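Peer 1: Submitted below is the structure of interest, expressed as structure tokens.
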Amino acid sequence: MEHKRNIVGIGMSQNPVPNLAGQQAVRMATDMLGPNETVAWALAFCGGRHDGGAVLQALSAELDGVEIVGGAAIGTIINDKLAYTGYECAFAAFSTTVPKPAVIVANDLNKGETEAGQKLGNQLRQITNEGDTVLLFYDSVRSGPPPELYVANQLMDGIYRGLNGKQLKLIGAGTVGDFQLTRSHIFDGCQEVKH
């Protein structure tokens, strides 16, 4: 009997130790992929009680050179589990049979949502084809406490300006690490970043 190949492996840990949470989530995901699959890129989200940089470092150590995007999350959901304790680490490993996406970043959200969005839109216009799907994550929390959030519609207005009429399918979310809206970050492919 031929074994069905998985092209995406999913893992989740609720270990309160950041590096162990990252290791456990990656190992669960890569075990699901199987021994003959290579990870090309990954999505990762971790709860706000974790040090996001430490989790990302553990993820990266398990998968040398693999781009990891995602960020903070109040909770995570995988096939058979959901949790929102703040210690979650959810990980999706995509095999080389799934095309590796281009990762682009605008690091100036704190200088203006519209301006940062326009930079992203300009870059997207250059590297996408009409109708492509774009996965967008942004850092939701500008500062706090009290929480001051980034205005998503201003970010999107800037993206549409930069696209200059090009039609893309945009999906994604703002990241936030806790219910008090005190922290957020994104993983930009190689590091944890703010703004």
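By convention in this document, the chains of the structure tokens carry letters A, B, ... by their order, each chain's residues are numbered from 1, and ligands are numbered from 1 in the order they are shown.
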DSSP on the backbone: which residues in range 39-129 of chain A end up as helix (DSSP H, G or I)? Give the answer as a PyMOL selection string.

Peer 2: chain A and resi 52-62+109-111+113-127

Peer 1: Keeping N, CA and C atoms, export the residues of the selection given above as a PDB file, in the first residue's frame.

Peer 2:
ATOM      1  N   GLY A  52       8.785  35.831  21.940  1.00  0.00           N
ATOM      2  CA  GLY A  52       8.685  35.475  20.526  1.00  0.00           C
ATOM      3  C   GLY A  52      10.031  35.239  19.873  1.00  0.00           C
ATOM      4  N   GLY A  53      11.034  36.027  20.248  1.00  0.00           N
ATOM      5  CA  GLY A  53      12.368  35.850  19.687  1.00  0.00           C
ATOM      6  C   GLY A  53      12.972  34.513  20.066  1.00  0.00           C
ATOM      7  N   ALA A  54      12.738  34.071  21.299  1.00  0.00           N
ATOM      8  CA  ALA A  54      13.268  32.778  21.749  1.00  0.00           C
ATOM      9  C   ALA A  54      12.564  31.627  21.029  1.00  0.00           C
ATOM     10  N   VAL A  55      11.251  31.752  20.838  1.00  0.00           N
ATOM     11  CA  VAL A  55      10.518  30.722  20.102  1.00  0.00           C
ATOM     12  C   VAL A  55      11.029  30.648  18.670  1.00  0.00           C
ATOM     13  N   LEU A  56      11.173  31.801  18.017  1.00  0.00           N
ATOM     14  CA  LEU A  56      11.648  31.818  16.636  1.00  0.00           C
ATOM     15  C   LEU A  56      13.056  31.239  16.529  1.00  0.00           C
ATOM     16  N   GLN A  57      13.899  31.544  17.490  1.00  0.00           N
ATOM     17  CA  GLN A  57      15.260  30.998  17.484  1.00  0.00           C
ATOM     18  C   GLN A  57      15.227  29.469  17.557  1.00  0.00           C
ATOM     19  N   ALA A  58      14.353  28.925  18.388  1.00  0.00           N
ATOM     20  CA  ALA A  58      14.231  27.467  18.499  1.00  0.00           C
ATOM     21  C   ALA A  58      13.688  26.866  17.206  1.00  0.00           C
ATOM     22  N   LEU A  59      12.694  27.523  16.620  1.00  0.00           N
ATOM     23  CA  LEU A  59      12.145  27.046  15.347  1.00  0.00           C
ATOM     24  C   LEU A  59      13.228  27.037  14.276  1.00  0.00           C
ATOM     25  N   SER A  60      13.964  28.127  14.189  1.00  0.00           N
ATOM     26  CA  SER A  60      15.020  28.262  13.179  1.00  0.00           C
ATOM     27  C   SER A  60      16.135  27.248  13.385  1.00  0.00           C
ATOM     28  N   ALA A  61      16.466  26.951  14.642  1.00  0.00           N
ATOM     29  CA  ALA A  61      17.520  25.982  14.930  1.00  0.00           C
ATOM     30  C   ALA A  61      17.129  24.584  14.449  1.00  0.00           C
ATOM     31  N   GLU A  62      15.844  24.274  14.511  1.00  0.00           N
ATOM     32  CA  GLU A  62      15.363  22.974  14.052  1.00  0.00           C
ATOM     33  C   GLU A  62      15.361  22.883  12.524  1.00  0.00           C
ATOM     34  N   LEU A 109       5.839  50.938  10.036  1.00  0.00           N
ATOM     35  CA  LEU A 109       4.447  51.125  10.420  1.00  0.00           C
ATOM     36  C   LEU A 109       4.300  52.254  11.435  1.00  0.00           C
ATOM     37  N   ASN A 110       5.287  52.408  12.324  1.00  0.00           N
ATOM     38  CA  ASN A 110       5.219  53.458  13.347  1.00  0.00           C
ATOM     39  C   ASN A 110       5.424  54.856  12.776  1.00  0.00           C
ATOM     40  N   LYS A 111       5.807  54.962  11.512  1.00  0.00           N
ATOM     41  CA  LYS A 111       5.948  56.272  10.860  1.00  0.00           C
ATOM     42  C   LYS A 111       4.718  56.627  10.036  1.00  0.00           C
ATOM     43  N   GLU A 113       0.747  54.368   8.939  1.00  0.00           N
ATOM     44  CA  GLU A 113       0.181  53.162   8.363  1.00  0.00           C
ATOM     45  C   GLU A 113       0.024  53.271   6.845  1.00  0.00           C
ATOM     46  N   THR A 114      -0.461  54.414   6.373  1.00  0.00           N
ATOM     47  CA  THR A 114      -0.679  54.586   4.938  1.00  0.00           C
ATOM     48  C   THR A 114       0.637  54.524   4.176  1.00  0.00           C
ATOM     49  N   GLU A 115       1.665  55.177   4.695  1.00  0.00           N
ATOM     50  CA  GLU A 115       2.963  55.190   4.030  1.00  0.00           C
ATOM     51  C   GLU A 115       3.574  53.786   3.979  1.00  0.00           C
ATOM     52  N   ALA A 116       3.493  53.050   5.104  1.00  0.00           N
ATOM     53  CA  ALA A 116       4.013  51.677   5.131  1.00  0.00           C
ATOM     54  C   ALA A 116       3.234  50.803   4.155  1.00  0.00           C
ATOM     55  N   GLY A 117       1.923  50.979   4.124  1.00  0.00           N
ATOM     56  CA  GLY A 117       1.097  50.218   3.193  1.00  0.00           C
ATOM     57  C   GLY A 117       1.451  50.507   1.747  1.00  0.00           C
ATOM     58  N   GLN A 118       1.722  51.768   1.451  1.00  0.00           N
ATOM     59  CA  GLN A 118       2.074  52.115   0.073  1.00  0.00           C
ATOM     60  C   GLN A 118       3.399  51.462  -0.337  1.00  0.00           C
ATOM     61  N   LYS A 119       4.348  51.406   0.589  1.00  0.00           N
ATOM     62  CA  LYS A 119       5.612  50.709   0.299  1.00  0.00           C
ATOM     63  C   LYS A 119       5.349  49.240  -0.021  1.00  0.00           C
ATOM     64  N   LEU A 120       4.498  48.604   0.787  1.00  0.00           N
ATOM     65  CA  LEU A 120       4.156  47.206   0.515  1.00  0.00           C
ATOM     66  C   LEU A 120       3.456  47.068  -0.829  1.00  0.00           C
ATOM     67  N   GLY A 121       2.489  47.946  -1.086  1.00  0.00           N
ATOM     68  CA  GLY A 121       1.761  47.899  -2.358  1.00  0.00           C
ATOM     69  C   GLY A 121       2.676  48.064  -3.558  1.00  0.00           C
ATOM     70  N   ASN A 122       3.633  48.990  -3.462  1.00  0.00           N
ATOM     71  CA  ASN A 122       4.590  49.185  -4.554  1.00  0.00           C
ATOM     72  C   ASN A 122       5.406  47.922  -4.802  1.00  0.00           C
ATOM     73  N   GLN A 123       5.874  47.300  -3.703  1.00  0.00           N
ATOM     74  CA  GLN A 123       6.641  46.061  -3.851  1.00  0.00           C
ATOM     75  C   GLN A 123       5.786  44.943  -4.427  1.00  0.00           C
ATOM     76  N   LEU A 124       4.551  44.823  -3.946  1.00  0.00           N
ATOM     77  CA  LEU A 124       3.651  43.789  -4.450  1.00  0.00           C
ATOM     78  C   LEU A 124       3.359  43.973  -5.935  1.00  0.00           C
ATOM     79  N   ARG A 125       3.167  45.211  -6.339  1.00  0.00           N
ATOM     80  CA  ARG A 125       2.897  45.488  -7.752  1.00  0.00           C
ATOM     81  C   ARG A 125       4.024  44.973  -8.641  1.00  0.00           C
ATOM     82  N   GLN A 126       5.259  45.061  -8.139  1.00  0.00           N
ATOM     83  CA  GLN A 126       6.429  44.654  -8.923  1.00  0.00           C
ATOM     84  C   GLN A 126       6.594  43.136  -9.014  1.00  0.00           C
ATOM     85  N   ILE A 127       6.180  42.394  -7.990  1.00  0.00           N
ATOM     86  CA  ILE A 127       6.527  40.961  -7.954  1.00  0.00           C
ATOM     87  C   ILE A 127       5.339  40.016  -8.127  1.00  0.00           C
TER      88      ILE A 127
END

Peer 1: Using only C-alpha atoms, tabulate the residues of range 73-116 of chain A lying at most 12 Å from any atom of range 36-40 of chain A, each with its closest atom pair and that distance in Å to one decimal, by chain and increasing residue number, as a Markdown table.

Peer 2:
| residue | atom | partner | partner_atom | distance |
| --- | --- | --- | --- | --- |
| A:Phe91 | CA | A:Val39 | CA | 11.9 |
| A:Ala92 | CA | A:Val39 | CA | 9.8 |
| A:Ala93 | CA | A:Val39 | CA | 6.0 |
| A:Phe94 | CA | A:Val39 | CA | 5.6 |
| A:Ser95 | CA | A:Val39 | CA | 4.5 |
| A:Thr96 | CA | A:Ala40 | CA | 4.9 |
| A:Thr97 | CA | A:Ala40 | CA | 8.3 |
| A:Val98 | CA | A:Ala40 | CA | 7.8 |
| A:Pro99 | CA | A:Ala40 | CA | 8.1 |
| A:Lys100 | CA | A:Ala40 | CA | 6.3 |
| A:Pro101 | CA | A:Ala40 | CA | 9.5 |
| A:Ala102 | CA | A:Ala40 | CA | 11.8 |

Peer 1: So which bits of range 10-192 of chain A end up strand (DSSP E or B) when you DSSP the backbone, as JSON, numbers by chain?

Peer 2: {"A": [10, 11, 12, 13, 39, 40, 41, 42, 43, 44, 45, 46, 67, 68, 69, 70, 71, 72, 76, 77, 78, 81, 82, 83, 89, 90, 91, 92, 93, 94, 95, 133, 134, 135, 136, 137, 138, 139, 141, 142, 143, 148, 149, 169, 170, 171, 172, 173, 174, 175, 186, 187, 188, 189, 192]}

Peer 1: Nearest to Ile74 in chain A among A:Glu148, A:Asp178, A:Asp51, A:Glu192, with distances taken over only C-alpha atoms: which residue is it?

Peer 2: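 Closest to Ile74 in chain A, using only C-alpha atoms: A:Asp178.
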
Peer 1: Would you mind listing what lies within 7 Å of Gly47 in chain A as a list in words, with only C-alpha atoms counted and same-chain residues fewer than 4 positions away left out?

Peer 2: Ala72, Ala73, Ile74, Gly75, Gly86, Tyr87, Glu88, Cys89 and Gly177 of chain A

Peer 1: Deliver the residues from the most recent selection as a file, using N, CA, C and O atoms, as a PDB file, in the first residue's frame.

Peer 2:
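Done, and the output landed in part08.pdb:
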ATOM      1  N   ALA A  72       2.755  36.909  16.678  1.00  0.00           N
ATOM      2  CA  ALA A  72       2.062  36.734  17.954  1.00  0.00           C
ATOM      3  C   ALA A  72       0.614  36.314  17.717  1.00  0.00           C
ATOM      4  O   ALA A  72       0.017  36.659  16.701  1.00  0.00           O
ATOM      5  N   ALA A  73       0.060  35.586  18.677  1.00  0.00           N
ATOM      6  CA  ALA A  73      -1.336  35.161  18.592  1.00  0.00           C
ATOM      7  C   ALA A  73      -1.904  35.002  19.997  1.00  0.00           C
ATOM      8  O   ALA A  73      -1.232  34.482  20.881  1.00  0.00           O
ATOM      9  N   ILE A  74      -3.140  35.449  20.171  1.00  0.00           N
ATOM     10  CA  ILE A  74      -3.808  35.270  21.463  1.00  0.00           C
ATOM     11  C   ILE A  74      -4.068  33.800  21.712  1.00  0.00           C
ATOM     12  O   ILE A  74      -4.004  33.323  22.835  1.00  0.00           O
ATOM     13  N   GLY A  75      -4.342  33.053  20.688  1.00  0.00           N
ATOM     14  CA  GLY A  75      -4.579  31.627  20.792  1.00  0.00           C
ATOM     15  C   GLY A  75      -4.274  30.982  19.460  1.00  0.00           C
ATOM     16  O   GLY A  75      -4.023  31.664  18.472  1.00  0.00           O
ATOM     17  N   GLY A  86      -1.715  31.503  26.270  1.00  0.00           N
ATOM     18  CA  GLY A  86      -0.571  32.395  26.095  1.00  0.00           C
ATOM     19  C   GLY A  86       0.731  31.639  25.877  1.00  0.00           C
ATOM     20  O   GLY A  86       1.742  32.241  25.538  1.00  0.00           O
ATOM     21  N   TYR A  87       0.707  30.324  26.056  1.00  0.00           N
ATOM     22  CA  TYR A  87       1.913  29.510  25.878  1.00  0.00           C
ATOM     23  C   TYR A  87       1.872  28.662  24.604  1.00  0.00           C
ATOM     24  O   TYR A  87       2.669  27.755  24.438  1.00  0.00           O
ATOM     25  N   GLU A  88       0.945  28.955  23.714  1.00  0.00           N
ATOM     26  CA  GLU A  88       0.838  28.167  22.499  1.00  0.00           C
ATOM     27  C   GLU A  88       1.980  28.483  21.529  1.00  0.00           C
ATOM     28  O   GLU A  88       2.464  29.605  21.456  1.00  0.00           O
ATOM     29  N   CYS A  89       2.355  27.479  20.787  1.00  0.00           N
ATOM     30  CA  CYS A  89       3.240  27.638  19.642  1.00  0.00           C
ATOM     31  C   CYS A  89       2.682  26.724  18.567  1.00  0.00           C
ATOM     32  O   CYS A  89       2.723  25.499  18.701  1.00  0.00           O
ATOM     33  N   GLY A 177      -0.638  39.526  20.941  1.00  0.00           N
ATOM     34  CA  GLY A 177      -0.194  38.430  21.793  1.00  0.00           C
ATOM     35  C   GLY A 177      -0.999  38.177  23.044  1.00  0.00           C
ATOM     36  O   GLY A 177      -0.828  37.142  23.685  1.00  0.00           O
TER      37      GLY A 177
END

Peer 1: Hey, can you check how far CA of Asp188 in chain A sits from CA of Gly174 in chain A?

Peer 2: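 Separation between CA of Asp188 in chain A and CA of Gly174 in chain A: 13.5 Å.
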
Peer 1: Excluding Ile186 in chain A and its own-chain neighbours fewer than 3 positions away, which residues fall within 6 Å of it when counting only C-alpha atoms? Please give them as a list of chain:residue names.

Peer 2: A:Gly70, A:Gly71, A:Asp139, A:Glu192, A:Val193
